[in-house]
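K.L.:
Sending over a structure as structure tokens; questions will come in a sec.
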Amino acid sequence: MAAIDKVRIVVVGDAGVGKTSLVHLISHNEPISHPYWTIGCSVEVKLHEYKAGTPEEKLYFVELWDVGGWSAHKNSRNIFYNSVHGIVLVHDLTNRKSQQNLRKWLSEILNRDSRSQSDEGEYDAEQFAGSSIPIVVVGTKLDLVQPINEKGNNLRLSSIADECGADEINLDCKHVRHLAAGTSNAVRLSRFFDKVIQHRFHSKDSTVCELYVFV
């Protein structure tokens, strides 16, 4: 059997937003029965059909690196950002602060080699434009949004998705139907995986991510 190429995607966001539940749903096509707090990083693998249904169709392994969101571990997380080919930014739709913090998470990844990251640092839009790394923004806990909206609040969509030109997915990780084949969420996620693979293996700047990783 021919070897299958792989890409590495980091999944980041504040503690408690549902990253582990999201990664489990994507990888196993079923909700996680007992969610747990991630210490350090855990890795799940999904087999993805690149450009499914076309002459270029090919299988790839997608590694999803679920990075723990505890702020106390910030200074040691940069080891998980080496050779990253894609980024999933995750926030809780009922927690505005977790959405605002996505800029800090993106900055943390883009500045992973910096020794002078501050807690208040945000990403530089020009810096991101130069990185060309694919991103998708995921809002979780959609099931809790309806009761909130009934109280007069609006569903907050992430502005960082527009700033990065990224697709946005909103879902409830407790229900498979939110990523069922043929749904808009599933199409967006598949398109994101295709972009990551395209950037890694089929573009002129496919080595960009590795080029600015220095140890």
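Within each chain, counting starts at residue 1; across the structure tokens, chains are named A, B, ... in the order shown, with ligands numbered 1 upward in that order.
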Do a neighbour search on segment 56-63 of chain A at 9 Å with only C-alpha atoms, toss out local chain neighbours closer than 3 positions, and write the hits as a list of chain:residue names.

P.N.:
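My list of contacting residues is A:Ile4, A:Asp5, A:Lys6, A:Val7, A:Arg8, A:Ile9, A:Val10, A:Val43, A:Glu44, A:Val45, A:Lys46, A:Leu47, A:His48, A:Glu49, A:Tyr50, A:Lys51, A:Ala52, A:Gly53, A:Phe193, A:Ile197.
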
K.L.:
Considering only C-alpha atoms, can you say which of A:Thr54, A:Ser132, A:Asn101, A:Asn78 comes closest to His199 of chain A?

P.N.:
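Ranked by minimum distance to His199 of chain A, first place goes to A:Ser132.
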
K.L.:
Here is a test: counting only C-alpha atoms, which residue of A:Ile133, A:Ile160, A:Ala72, A:Leu64 is nearest to Gln99 of chain A?

P.N.:
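Nearest to Gln99 of chain A: A:Ile160.
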
K.L.:
Taking 2 positions as the minimum chain separation for residues in the same chain, which residues sit within 10 Å of Asn75 of chain A when counting only C-alpha atoms? Answer as an NGL selection string.

P.N.:
:A and (71-73 or 77-79 or 108 or 112 or 115 or 117)

K.L.:
Could you please take those selected residues and save N, CA, C and O atoms as a compact mmCIF listing (two decimals), in the first residue's frame?

P.N.:
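Output (selection.txt):
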# COMPACT_ATOMS: atom_id res chain seq x y z
N SER A 71 -4.19 29.42 30.19
CA SER A 71 -3.23 30.52 30.04
C SER A 71 -1.92 30.24 30.77
O SER A 71 -0.86 30.75 30.38
N ALA A 72 -1.96 29.42 31.81
CA ALA A 72 -0.75 29.11 32.57
C ALA A 72 0.27 28.36 31.73
O ALA A 72 1.46 28.34 32.06
N HIS A 73 -0.18 27.74 30.62
CA HIS A 73 0.72 26.95 29.79
C HIS A 73 1.16 27.70 28.53
O HIS A 73 1.76 27.11 27.63
N ARG A 77 3.55 26.35 24.97
CA ARG A 77 2.73 25.84 23.87
C ARG A 77 3.39 25.95 22.50
O ARG A 77 2.98 25.27 21.56
N ASN A 78 4.40 26.82 22.38
CA ASN A 78 4.96 27.06 21.05
C ASN A 78 5.56 25.82 20.41
O ASN A 78 5.70 25.74 19.19
N ILE A 79 5.89 24.80 21.21
CA ILE A 79 6.45 23.57 20.64
C ILE A 79 5.41 22.84 19.78
O ILE A 79 5.78 22.05 18.91
N GLU A 108 -0.27 34.28 18.83
CA GLU A 108 0.61 33.33 19.52
C GLU A 108 1.23 32.34 18.53
O GLU A 108 2.41 31.98 18.64
N ARG A 112 5.34 32.44 17.15
CA ARG A 112 5.76 31.32 18.00
C ARG A 112 7.24 31.32 18.31
O ARG A 112 7.67 30.72 19.29
N ARG A 115 10.36 35.65 21.69
CA ARG A 115 10.54 35.51 23.14
C ARG A 115 9.89 36.66 23.90
O ARG A 115 9.99 36.77 25.10
N GLN A 117 6.47 37.73 23.54
CA GLN A 117 5.02 37.79 23.43
C GLN A 117 4.42 38.33 24.73
O GLN A 117 4.78 37.91 25.81
